[in-house]
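S.K.: My file is entry06.cif. It has mmCIF, C-alpha atoms and all ligand atoms; chains and numbers go by the auth columns:
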```
data_run
#
loop_
_atom_site.group_PDB
_atom_site.id
_atom_site.type_symbol
_atom_site.label_atom_id
_atom_site.label_comp_id
_atom_site.label_asym_id
_atom_site.label_seq_id
_atom_site.Cartn_x
_atom_site.Cartn_y
_atom_site.Cartn_z
_atom_site.B_iso_or_equiv
_atom_site.auth_seq_id
_atom_site.auth_asym_id
ATOM 1 C CA MET A 1 131.509 89.557 136.633 0.00 164 A
ATOM 2 C CA SER A 2 129.865 86.165 136.919 0.00 165 A
ATOM 3 C CA ASP A 3 128.643 84.532 133.660 0.00 166 A
ATOM 4 C CA SER A 4 125.238 84.095 135.187 0.00 167 A
ATOM 5 C CA ILE A 5 124.641 87.819 135.545 0.00 168 A
ATOM 6 C CA THR A 6 123.056 89.277 132.431 0.00 169 A
ATOM 7 C CA VAL A 7 121.561 92.666 131.779 0.00 170 A
ATOM 8 C CA PRO A 8 118.651 92.348 129.361 0.00 171 A
ATOM 9 C CA GLY A 9 119.570 93.709 125.959 0.00 172 A
ATOM 10 C CA THR A 10 123.316 93.815 126.611 0.00 173 A
ATOM 11 C CA LEU A 11 124.708 90.427 127.683 0.00 174 A
ATOM 12 C CA PHE A 12 123.667 86.975 126.651 0.00 175 A
ATOM 13 C CA PRO A 13 125.694 83.891 127.495 0.00 176 A
ATOM 14 C CA LEU A 14 126.544 81.609 124.583 0.00 177 A
ATOM 15 C CA GLY A 15 123.675 79.256 123.866 0.00 178 A
ATOM 16 C CA ALA A 16 121.029 81.399 125.537 0.00 179 A
ATOM 17 C CA PRO A 17 117.502 80.585 124.362 0.00 180 A
ATOM 18 C CA ASP A 18 116.597 82.431 121.165 0.00 181 A
ATOM 19 C CA LEU A 19 113.462 83.830 122.725 0.00 182 A
ATOM 20 C CA LEU A 20 115.584 85.709 125.225 0.00 183 A
ATOM 21 C CA ARG A 21 117.655 87.517 122.635 0.00 184 A
ATOM 22 C CA PRO A 22 117.245 91.278 122.394 0.00 185 A
ATOM 23 C CA ALA A 23 115.510 92.850 119.406 0.00 186 A
ATOM 24 C CA GLY A 24 117.970 93.436 116.599 0.00 187 A
ATOM 25 C CA GLY A 25 120.443 90.878 117.933 0.00 188 A
ATOM 26 C CA PRO A 26 119.615 87.931 115.660 0.00 189 A
ATOM 27 C CA GLU A 27 120.149 89.991 112.479 0.00 190 A
ATOM 28 C CA ARG A 28 123.654 91.029 113.567 0.00 191 A
ATOM 29 C CA ARG A 29 124.517 87.453 114.458 0.00 192 A
ATOM 30 C CA ARG A 30 123.099 86.116 111.184 0.00 193 A
ATOM 31 C CA ARG A 31 125.487 88.243 109.117 0.00 194 A
ATOM 32 C CA ALA A 32 128.400 87.116 111.216 0.00 195 A
ATOM 33 C CA ARG A 33 127.634 83.422 111.466 0.00 196 A
ATOM 34 C CA GLY A 34 127.124 82.340 107.833 0.00 197 A
ATOM 35 C CA PRO A 35 125.233 79.150 106.836 0.00 198 A
ATOM 36 C CA ARG A 36 125.262 77.680 110.331 0.00 199 A
ATOM 37 C CA GLY A 37 123.779 80.934 111.625 0.00 200 A
ATOM 38 C CA ALA A 38 121.054 80.848 108.969 0.00 201 A
ATOM 39 C CA ALA A 39 120.172 77.280 109.999 0.00 202 A
ATOM 40 C CA LEU A 40 120.036 78.285 113.650 0.00 203 A
ATOM 41 C CA ASP A 41 117.789 81.227 112.780 0.00 204 A
ATOM 42 C CA LEU A 42 115.400 79.136 110.651 0.00 205 A
ATOM 43 C CA ALA A 43 115.122 76.589 113.449 0.00 206 A
ATOM 44 C CA ALA A 44 114.436 79.359 115.960 0.00 207 A
ATOM 45 C CA ILE A 45 111.704 80.737 113.689 0.00 208 A
ATOM 46 C CA GLY A 46 110.153 77.254 113.578 0.00 209 A
ATOM 47 C CA ARG A 47 110.011 77.118 117.363 0.00 210 A
ATOM 48 C CA ARG A 48 108.660 80.665 117.660 0.00 211 A
ATOM 49 C CA PHE A 49 105.938 80.061 115.049 0.00 212 A
ATOM 50 C CA TYR A 50 105.038 76.752 116.717 0.00 213 A
ATOM 51 C CA ALA A 51 104.614 78.598 120.011 0.00 214 A
ATOM 52 C CA ARG A 52 102.191 80.983 118.239 0.00 215 A
ATOM 53 C CA GLY A 53 100.163 78.042 116.846 0.00 216 A
ATOM 54 C CA TRP A 54 101.024 78.866 113.231 0.00 217 A
ATOM 55 C CA VAL A 55 102.947 75.631 112.392 0.00 218 A
ATOM 56 C CA LEU A 56 101.544 72.896 114.609 0.00 219 A
ATOM 57 C CA GLY A 57 102.942 69.381 114.280 0.00 220 A
ATOM 58 C CA THR A 58 105.151 69.040 111.216 0.00 221 A
ATOM 59 C CA SER A 59 103.262 71.689 109.220 0.00 222 A
ATOM 60 C CA GLY A 60 104.927 74.685 107.576 0.00 223 A
ATOM 61 C CA ASN A 61 108.346 75.128 106.031 0.00 224 A
ATOM 62 C CA PHE A 62 111.045 77.806 105.860 0.00 225 A
ATOM 63 C CA SER A 63 113.944 78.713 103.585 0.00 226 A
ATOM 64 C CA VAL A 64 116.679 81.268 102.934 0.00 227 A
ATOM 65 C CA VAL A 65 118.874 81.747 99.878 0.00 228 A
ATOM 66 C CA ALA A 66 122.233 80.130 100.654 0.00 229 A
ATOM 67 C CA ALA A 67 123.907 80.866 97.274 0.00 230 A
ATOM 68 C CA ASP A 68 122.908 82.606 94.052 0.00 231 A
ATOM 69 C CA SER A 69 124.938 81.025 91.297 0.00 232 A
ATOM 70 C CA PRO A 70 124.044 78.260 91.165 0.00 233 A
ATOM 71 C CA LEU A 71 120.959 78.868 93.268 0.00 234 A
ATOM 72 C CA ARG A 72 120.924 77.019 96.578 0.00 235 A
ATOM 73 C CA LEU A 73 118.298 77.284 99.306 0.00 236 A
ATOM 74 C CA ALA A 74 118.714 76.294 102.933 0.00 237 A
ATOM 75 C CA ILE A 75 115.313 74.781 103.760 0.00 238 A
ATOM 76 C CA SER A 76 113.574 72.839 106.495 0.00 239 A
ATOM 77 C CA SER A 77 113.573 69.035 106.186 0.00 240 A
ATOM 78 C CA SER A 78 110.406 67.081 105.603 0.00 241 A
ATOM 79 C CA SER A 79 108.380 65.829 108.588 0.00 242 A
ATOM 80 C CA VAL A 80 110.126 67.823 111.300 0.00 243 A
ATOM 81 C CA HIS A 81 108.081 68.825 114.336 0.00 244 A
ATOM 82 C CA LYS A 82 108.417 72.605 114.341 0.00 245 A
ATOM 83 C CA GLY A 83 108.305 72.908 118.106 0.00 246 A
ATOM 84 C CA ARG A 84 111.454 70.766 118.297 0.00 247 A
ATOM 85 C CA MET A 85 113.272 72.185 115.307 0.00 248 A
ATOM 86 C CA ARG A 86 117.094 72.376 115.382 0.00 249 A
ATOM 87 C CA ALA A 87 119.749 73.613 112.948 0.00 250 A
ATOM 88 C CA GLU A 88 120.417 69.971 111.972 0.00 251 A
ATOM 89 C CA HIS A 89 116.932 69.910 110.420 0.00 252 A
ATOM 90 C CA ILE A 90 117.957 72.454 107.767 0.00 253 A
ATOM 91 C CA ILE A 91 119.302 71.057 104.485 0.00 254 A
ATOM 92 C CA GLU A 92 120.257 72.479 101.104 0.00 255 A
ATOM 93 C CA VAL A 93 118.352 72.166 97.810 0.00 256 A
ATOM 94 C CA ASP A 94 119.063 73.216 94.226 0.00 257 A
ATOM 95 C CA ASP A 95 116.923 75.249 91.822 0.00 258 A
ATOM 96 C CA HIS A 96 114.668 72.220 91.207 0.00 259 A
ATOM 97 C CA GLY A 97 114.026 71.740 94.911 0.00 260 A
ATOM 98 C CA ALA A 98 116.211 68.606 94.876 0.00 261 A
ATOM 99 C CA PRO A 99 118.457 67.928 97.884 0.00 262 A
ATOM 100 C CA ILE A 100 122.192 68.521 97.742 0.00 263 A
ATOM 101 C CA GLY A 101 123.645 65.519 99.544 0.00 264 A
ATOM 102 C CA THR A 102 121.626 63.625 102.107 0.00 265 A
ATOM 103 C CA GLY A 103 118.318 64.569 103.684 0.00 266 A
ATOM 104 C CA ARG A 104 114.772 64.946 102.446 0.00 267 A
ATOM 105 C CA PRO A 105 113.608 68.535 101.935 0.00 268 A
ATOM 106 C CA SER A 106 110.100 69.769 102.529 0.00 269 A
ATOM 107 C CA ALA A 107 107.711 68.443 99.881 0.00 270 A
ATOM 108 C CA GLU A 108 106.976 72.065 98.967 0.00 271 A
ATOM 109 C CA ALA A 109 110.596 73.050 98.247 0.00 272 A
ATOM 110 C CA LEU A 110 109.713 73.784 94.626 0.00 273 A
ATOM 111 C CA LEU A 111 107.261 76.491 95.724 0.00 274 A
ATOM 112 C CA HIS A 112 110.072 78.213 97.610 0.00 275 A
ATOM 113 C CA VAL A 113 112.225 78.112 94.461 0.00 276 A
ATOM 114 C CA GLU A 114 109.421 79.671 92.367 0.00 277 A
ATOM 115 C CA ILE A 115 108.977 82.507 94.864 0.00 278 A
ATOM 116 C CA VAL A 116 112.720 83.180 95.087 0.00 279 A
ATOM 117 C CA LEU A 117 113.100 83.240 91.300 0.00 280 A
ATOM 118 C CA ARG A 118 110.007 85.339 90.555 0.00 281 A
ATOM 119 C CA ARG A 119 110.159 87.767 93.488 0.00 282 A
ATOM 120 C CA GLY A 120 113.884 88.007 94.096 0.00 283 A
ATOM 121 C CA ALA A 121 113.135 86.950 97.678 0.00 284 A
ATOM 122 C CA ARG A 122 115.988 86.066 100.045 0.00 285 A
ATOM 123 C CA ALA A 123 113.751 84.154 102.468 0.00 286 A
ATOM 124 C CA VAL A 124 110.399 82.346 102.149 0.00 287 A
ATOM 125 C CA LEU A 125 108.198 81.325 105.084 0.00 288 A
ATOM 126 C CA HIS A 126 105.089 79.123 105.058 0.00 289 A
ATOM 127 C CA THR A 127 102.555 78.728 107.892 0.00 290 A
ATOM 128 C CA HIS A 128 99.376 76.676 108.492 0.00 291 A
ATOM 129 C CA SER A 129 97.456 78.893 110.894 0.00 292 A
ATOM 130 C CA VAL A 130 93.783 78.522 111.809 0.00 293 A
ATOM 131 C CA TRP A 131 92.809 81.975 110.514 0.00 294 A
ATOM 132 C CA GLY A 132 94.832 81.695 107.323 0.00 295 A
ATOM 133 C CA THR A 133 93.176 78.352 106.632 0.00 296 A
ATOM 134 C CA ILE A 134 89.667 79.698 107.271 0.00 297 A
ATOM 135 C CA LEU A 135 90.122 82.816 105.129 0.00 298 A
ATOM 136 C CA SER A 136 91.738 80.860 102.307 0.00 299 A
ATOM 137 C CA ASP A 137 88.479 78.913 102.045 0.00 300 A
ATOM 138 C CA VAL A 138 85.926 81.646 102.732 0.00 301 A
ATOM 139 C CA HIS A 139 87.409 83.941 100.054 0.00 302 A
ATOM 140 C CA ALA A 140 88.420 81.239 97.574 0.00 303 A
ATOM 141 C CA ALA A 141 85.510 81.832 95.195 0.00 304 A
ATOM 142 C CA ARG A 142 86.683 85.443 94.761 0.00 305 A
ATOM 143 C CA GLY A 143 90.189 84.301 93.891 0.00 306 A
ATOM 144 C CA GLY A 144 91.775 86.243 96.720 0.00 307 A
ATOM 145 C CA VAL A 145 91.348 88.180 99.911 0.00 308 A
ATOM 146 C CA THR A 146 91.777 91.954 99.958 0.00 309 A
ATOM 147 C CA ILE A 147 92.757 93.715 103.173 0.00 310 A
ATOM 148 C CA GLU A 148 92.682 97.483 103.466 0.00 311 A
ATOM 149 C CA GLY A 149 92.552 100.316 105.979 0.00 312 A
ATOM 150 C CA TYR A 150 94.601 98.729 108.780 0.00 313 A
ATOM 151 C CA GLU A 151 97.607 100.384 110.432 0.00 314 A
ATOM 152 C CA MET A 152 99.366 97.004 110.600 0.00 315 A
ATOM 153 C CA LEU A 153 99.587 96.949 106.785 0.00 316 A
ATOM 154 C CA LYS A 154 102.520 99.358 107.228 0.00 317 A
ATOM 155 C CA GLY A 155 104.568 96.362 108.378 0.00 318 A
ATOM 156 C CA LEU A 156 104.626 95.112 104.784 0.00 319 A
ATOM 157 C CA ARG A 157 107.615 96.140 102.679 0.00 320 A
ATOM 158 C CA GLY A 158 107.076 99.462 100.894 0.00 321 A
ATOM 159 C CA VAL A 159 103.695 100.204 102.505 0.00 322 A
ATOM 160 C CA THR A 160 103.706 103.626 104.185 0.00 323 A
ATOM 161 C CA THR A 161 100.056 104.229 105.024 0.00 324 A
ATOM 162 C CA HIS A 162 97.055 102.377 106.406 0.00 325 A
ATOM 163 C CA ASP A 163 95.308 103.528 103.226 0.00 326 A
ATOM 164 C CA HIS A 164 96.698 100.574 101.297 0.00 327 A
ATOM 165 C CA ARG A 165 94.881 97.764 99.501 0.00 328 A
ATOM 166 C CA GLU A 166 96.625 94.404 99.764 0.00 329 A
ATOM 167 C CA LEU A 167 95.330 91.657 97.484 0.00 330 A
ATOM 168 C CA ILE A 168 96.460 88.198 98.493 0.00 331 A
ATOM 169 C CA PRO A 169 95.697 85.642 95.774 0.00 332 A
ATOM 170 C CA ILE A 170 94.202 82.272 96.781 0.00 333 A
ATOM 171 C CA ILE A 171 95.346 79.199 94.881 0.00 334 A
ATOM 172 C CA GLU A 172 93.607 75.830 94.828 0.00 335 A
ATOM 173 C CA ASN A 173 95.632 73.281 96.785 0.00 336 A
ATOM 174 C CA ASP A 174 97.182 70.275 95.027 0.00 337 A
ATOM 175 C CA GLN A 175 99.290 67.293 96.119 0.00 338 A
ATOM 176 C CA ASP A 176 101.024 67.399 92.720 0.00 339 A
ATOM 177 C CA VAL A 177 103.723 69.876 93.735 0.00 340 A
ATOM 178 C CA PRO A 178 105.065 70.670 90.224 0.00 341 A
ATOM 179 C CA ARG A 179 101.497 71.480 89.130 0.00 342 A
ATOM 180 C CA LEU A 180 100.973 73.550 92.283 0.00 343 A
ATOM 181 C CA ALA A 181 104.258 75.366 91.611 0.00 344 A
ATOM 182 C CA GLY A 182 102.923 76.280 88.155 0.00 345 A
ATOM 183 C CA ARG A 183 99.816 77.821 89.768 0.00 346 A
ATOM 184 C CA VAL A 184 101.997 79.705 92.227 0.00 347 A
ATOM 185 C CA ALA A 185 104.074 81.058 89.336 0.00 348 A
ATOM 186 C CA ASP A 186 100.905 82.211 87.525 0.00 349 A
ATOM 187 C CA ALA A 187 99.564 83.923 90.656 0.00 350 A
ATOM 188 C CA LEU A 188 102.860 85.720 91.253 0.00 351 A
ATOM 189 C CA GLU A 189 102.792 87.014 87.684 0.00 352 A
ATOM 190 C CA ARG A 190 99.138 88.126 87.976 0.00 353 A
ATOM 191 C CA THR A 191 99.641 90.005 91.251 0.00 354 A
ATOM 192 C CA PRO A 192 103.067 91.676 91.069 0.00 355 A
ATOM 193 C CA ASP A 193 102.399 93.862 94.133 0.00 356 A
ATOM 194 C CA ALA A 194 101.257 91.057 96.446 0.00 357 A
ATOM 195 C CA HIS A 195 103.402 90.370 99.504 0.00 358 A
ATOM 196 C CA ALA A 196 101.964 86.879 100.006 0.00 359 A
ATOM 197 C CA LEU A 197 99.687 84.144 98.691 0.00 360 A
ATOM 198 C CA LEU A 198 97.347 81.639 100.264 0.00 361 A
ATOM 199 C CA LEU A 199 96.874 78.001 99.310 0.00 362 A
ATOM 200 C CA ARG A 200 93.221 77.059 99.815 0.00 363 A
ATOM 201 C CA ARG A 201 92.497 75.207 103.079 0.00 364 A
ATOM 202 C CA HIS A 202 96.250 74.931 103.476 0.00 365 A
ATOM 203 C CA GLY A 203 98.185 78.045 104.470 0.00 366 A
ATOM 204 C CA LEU A 204 100.186 81.197 103.877 0.00 367 A
ATOM 205 C CA TYR A 205 103.330 81.810 101.843 0.00 368 A
ATOM 206 C CA THR A 206 105.160 85.080 102.289 0.00 369 A
ATOM 207 C CA TRP A 207 108.714 86.220 101.669 0.00 370 A
ATOM 208 C CA GLY A 208 111.185 89.049 102.194 0.00 371 A
ATOM 209 C CA ALA A 209 114.446 90.689 101.218 0.00 372 A
ATOM 210 C CA SER A 210 115.857 89.152 104.410 0.00 373 A
ATOM 211 C CA LEU A 211 114.798 86.505 106.899 0.00 374 A
ATOM 212 C CA ASP A 212 113.874 89.238 109.366 0.00 375 A
ATOM 213 C CA GLU A 213 111.599 90.893 106.814 0.00 376 A
ATOM 214 C CA ALA A 214 109.924 87.589 105.913 0.00 377 A
ATOM 215 C CA GLU A 215 109.333 86.861 109.608 0.00 378 A
ATOM 216 C CA ARG A 216 107.829 90.328 110.066 0.00 379 A
ATOM 217 C CA HIS A 217 105.521 89.698 107.100 0.00 380 A
ATOM 218 C CA VAL A 218 104.263 86.481 108.703 0.00 381 A
ATOM 219 C CA GLU A 219 103.562 88.321 111.965 0.00 382 A
ATOM 220 C CA ILE A 220 101.763 91.174 110.190 0.00 383 A
ATOM 221 C CA LEU A 221 99.690 88.922 107.927 0.00 384 A
ATOM 222 C CA GLU A 222 98.734 86.461 110.663 0.00 385 A
ATOM 223 C CA PHE A 223 97.587 89.433 112.774 0.00 386 A
ATOM 224 C CA LEU A 224 95.505 90.762 109.866 0.00 387 A
ATOM 225 C CA PHE A 225 94.018 87.333 109.066 0.00 388 A
ATOM 226 C CA GLU A 226 92.918 86.869 112.651 0.00 389 A
ATOM 227 C CA THR A 227 91.589 90.416 112.841 0.00 390 A
ATOM 228 C CA ILE A 228 89.430 90.247 109.719 0.00 391 A
ATOM 229 C CA GLY A 229 88.414 86.679 110.536 0.00 392 A
ATOM 230 C CA ARG A 230 87.222 87.651 114.004 0.00 393 A
ATOM 231 C CA ALA A 231 85.634 90.851 112.659 0.00 394 A
ATOM 232 C CA GLY A 232 83.616 88.682 110.271 0.00 395 A
ATOM 233 C CA THR A 233 82.067 86.856 113.199 0.00 396 A
ATOM 234 C CA PHE A 234 80.581 90.185 114.384 0.00 397 A
ATOM 235 C CA SER A 235 78.935 91.008 111.067 0.00 398 A
ATOM 236 C CA ASP A 236 75.957 88.633 110.760 0.00 399 A
ATOM 237 C CA GLY A 237 78.131 85.789 109.622 0.00 400 A
ATOM 238 C CA ARG A 238 79.468 87.797 106.700 0.00 401 A
ATOM 239 C CA HIS A 239 83.181 87.274 106.541 0.00 402 A
ATOM 240 C CA ASP A 240 83.779 90.231 104.284 0.00 403 A
ATOM 241 C CA GLY A 241 84.089 92.855 107.052 0.00 404 A
ATOM 242 C CA THR A 242 86.787 95.210 105.877 0.00 405 A
ATOM 243 C CA ALA A 243 88.243 92.433 103.775 0.00 406 A
ATOM 244 C CA GLN A 244 86.583 93.348 100.540 0.00 407 A
ATOM 245 C CA ASN A 245 86.168 91.674 97.207 0.00 408 A
ATOM 246 C CA PRO A 246 89.251 91.876 95.018 0.00 409 A
HETATM 247 ZN ZN ZN B . 102.096 73.480 103.672 0.00 1 B
#
```
Using structure tokens, write down the structure from this file.

M.R.:
Amino acid sequence: MSDSITVPGTLFPLGAPDLLRPAGGPERRRRARGPRGAALDLAAIGRRFYARGWVLGTSGNFSVVAADSPLRLAISSSSVHKGRMRAEHIIEVDDHGAPIGTGRPSAEALLHVEIVLRRGARAVLHTHSVWGTILSDVHAARGGVTIEGYEMLKGLRGVTTHDHRELIPIIENDQDVPRLAGRVADALERTPDAHALLLRRHGLYTWGASLDEAERHVEILEFLFETIGRAGTFSDGRHDGTAQNP
């Protein structure tokens, strides 16, 4: 059989574009490929999220746990255009967010460390979408945005019914990252059931027990943000819609 003949879902030549991979394929490859595979997968997530408009320019950052003892995260480098992200743009940091070896990690590496330590997450993903940014501002005075009654909530880990109330805390943004990390830690302690948090006028942080789960959480939450944001535009300018006060 010629190399160029592929049957969708069964055969993919080496180096095929990530977007063409069948569902379920990347997870199998990730287990088999080790750190290099994790870097390839993070880079592919960057390109996919860029294509969705969730990490335009150099915005957003992504990490996975590379080792537990001592803790090491594989994380996206600073100032990388997410639409052109490659495995070479993934570097390693320690439990203070400091780089191991050369390279400059994302400025927000410390936030990833806080989430990993306090949630036991294996992957942390951060986006700067339009709807996440709008909602993080509109609901800031309430301290969080609550989403309930949507079928898509069942995409969040442990949620089995649309009849679920998800409170996502909103934290004031800060260029002092250690201070911001302290606020993130406080919010995680205050809302032990939350699957995510929003930084005001900045973006979403969510996480998962695997990179696949964290990616699914981004997709679910970005869908819900856009849905309640758009719904708000049909309700006399009120942006509460079904997103109710926490
Ligand atoms: Zn950011």

S.K.: Where does the PyMOL selection byres (((chain A and resi 217) around 7) and not hetatm) land in this file, that is, which residues does it pick, as a list in words?

M.R.: Phe212, Tyr213, Arg215, Gly216, Val218, Leu219, Thr290, His291 and Ser292 of chain A

S.K.: Under the rule that only C-alpha atoms and all ligand atoms are counted, which of A:Ile253, A:Leu274, A:Val308, A:Ala261 is the nearest residue to ligand ZN 1 (chain B)?

M.R.: A:Leu274

S.K.: What is the distance, in Å and to one decimal place, between CA of Glu271 (chain A) and CA of Thr296 (chain A)?

M.R.: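 Answer for the CA of Glu271 (chain A) to CA of Thr296 (chain A) separation: 17.0 Å.
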
S.K.: Do you know which residues the PyMOL selection byres (((chain A and resi 208) around 12) and not hetatm) returns on this file, as a PDB file with C-alpha atoms, in the coordinates of the input?

M.R.:
```
ATOM      1  CA  ASP A 181     116.597  82.431 121.165  1.00  0.00           C
ATOM      2  CA  LEU A 182     113.462  83.830 122.725  1.00  0.00           C
ATOM      3  CA  PRO A 189     119.615  87.931 115.660  1.00  0.00           C
ATOM      4  CA  ALA A 201     121.054  80.848 108.969  1.00  0.00           C
ATOM      5  CA  ALA A 202     120.172  77.280 109.999  1.00  0.00           C
ATOM      6  CA  LEU A 203     120.036  78.285 113.650  1.00  0.00           C
ATOM      7  CA  ASP A 204     117.789  81.227 112.780  1.00  0.00           C
ATOM      8  CA  LEU A 205     115.400  79.136 110.651  1.00  0.00           C
ATOM      9  CA  ALA A 206     115.122  76.589 113.449  1.00  0.00           C
ATOM     10  CA  ALA A 207     114.436  79.359 115.960  1.00  0.00           C
ATOM     11  CA  GLY A 209     110.153  77.254 113.578  1.00  0.00           C
ATOM     12  CA  ARG A 210     110.011  77.118 117.363  1.00  0.00           C
ATOM     13  CA  ARG A 211     108.660  80.665 117.660  1.00  0.00           C
ATOM     14  CA  PHE A 212     105.938  80.061 115.049  1.00  0.00           C
ATOM     15  CA  TYR A 213     105.038  76.752 116.717  1.00  0.00           C
ATOM     16  CA  ALA A 214     104.614  78.598 120.011  1.00  0.00           C
ATOM     17  CA  ARG A 215     102.191  80.983 118.239  1.00  0.00           C
ATOM     18  CA  TRP A 217     101.024  78.866 113.231  1.00  0.00           C
ATOM     19  CA  VAL A 218     102.947  75.631 112.392  1.00  0.00           C
ATOM     20  CA  GLY A 223     104.927  74.685 107.576  1.00  0.00           C
ATOM     21  CA  ASN A 224     108.346  75.128 106.031  1.00  0.00           C
ATOM     22  CA  PHE A 225     111.045  77.806 105.860  1.00  0.00           C
ATOM     23  CA  SER A 226     113.944  78.713 103.585  1.00  0.00           C
ATOM     24  CA  VAL A 227     116.679  81.268 102.934  1.00  0.00           C
ATOM     25  CA  SER A 239     113.574  72.839 106.495  1.00  0.00           C
ATOM     26  CA  LYS A 245     108.417  72.605 114.341  1.00  0.00           C
ATOM     27  CA  GLY A 246     108.305  72.908 118.106  1.00  0.00           C
ATOM     28  CA  ARG A 247     111.454  70.766 118.297  1.00  0.00           C
ATOM     29  CA  MET A 248     113.272  72.185 115.307  1.00  0.00           C
ATOM     30  CA  ARG A 249     117.094  72.376 115.382  1.00  0.00           C
ATOM     31  CA  ALA A 250     119.749  73.613 112.948  1.00  0.00           C
ATOM     32  CA  ILE A 253     117.957  72.454 107.767  1.00  0.00           C
ATOM     33  CA  ALA A 286     113.751  84.154 102.468  1.00  0.00           C
ATOM     34  CA  VAL A 287     110.399  82.346 102.149  1.00  0.00           C
ATOM     35  CA  LEU A 288     108.198  81.325 105.084  1.00  0.00           C
ATOM     36  CA  HIS A 289     105.089  79.123 105.058  1.00  0.00           C
ATOM     37  CA  THR A 290     102.555  78.728 107.892  1.00  0.00           C
ATOM     38  CA  LEU A 374     114.798  86.505 106.899  1.00  0.00           C
ATOM     39  CA  ASP A 375     113.874  89.238 109.366  1.00  0.00           C
ATOM     40  CA  ALA A 377     109.924  87.589 105.913  1.00  0.00           C
ATOM     41  CA  GLU A 378     109.333  86.861 109.608  1.00  0.00           C
ATOM     42  CA  ARG A 379     107.829  90.328 110.066  1.00  0.00           C
ATOM     43  CA  VAL A 381     104.263  86.481 108.703  1.00  0.00           C
ATOM     44  CA  GLU A 382     103.562  88.321 111.965  1.00  0.00           C
TER      45      GLU A 382
END
```

S.K.: Smallest atom-to-atom distance to ligand ZN 1 (chain B): which of A:Leu384, A:Ile254, A:Leu236, A:Leu273, using only C-alpha atoms and all ligand atoms?

M.R.: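 Among A:Leu384, A:Ile254, A:Leu236, A:Leu273, it is A:Leu273 that comes nearest to ligand ZN 1 (chain B).
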
S.K.: Between CA of His252 (chain A) and CA of Glu385 (chain A), what distance in Å does the model show, to one decimal?

M.R.: 24.6 Å

S.K.: Once the PyMOL selection byres (((chain A and resi 354) around 12) and not hetatm) has been applied to the shown file, what residues remain in the selection, as number ranges by chain?

M.R.: A: 281-282, 306-307, 309, 329-333, 347-353, 355-360, 409

S.K.: When you count only C-alpha atoms, which of these residues is closest to Phe388 (chain A): A:Gly266, A:Gly283, A:Gly312, A:Gly295?

M.R.: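 The answer is A:Gly295, which sits nearest to Phe388 (chain A).
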
S.K.: Using only C-alpha atoms, pick whichever of A:Gly260, A:Gly366, A:Ala272, A:Ala394 has the shortest atom-to-atom distance to Val293 (chain A).

M.R.: A:Gly366

S.K.: Between A:Leu361, A:Ala344, A:Val256, A:Val228, which has the minimum distance to Ala284 (chain A) (counting only C-alpha atoms)?

M.R.: A:Val228

S.K.: Between A:Ile297, A:Gly318, A:Arg363, A:Glu311, which is the closest to Ile334 (chain A) once you count only C-alpha atoms?

M.R.: A:Arg363

S.K.: Listed atoms of region 239-242 of chain A, axis-aligned box, 4 Å per side: centre and edge lengths to one decimal in Å, as JSON?

M.R.:
```
{"center_x": 111.0, "center_y": 69.3, "center_z": 107.1, "size_x": 13.2, "size_y": 15.0, "size_z": 11.0}
```

S.K.: Could you tell me how far CA of Val340 (chain A) sits from CA of Arg199 (chain A), in Å to one decimal place?

M.R.: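 CA of Val340 (chain A) lies at a distance of 28.3 Å from CA of Arg199 (chain A).
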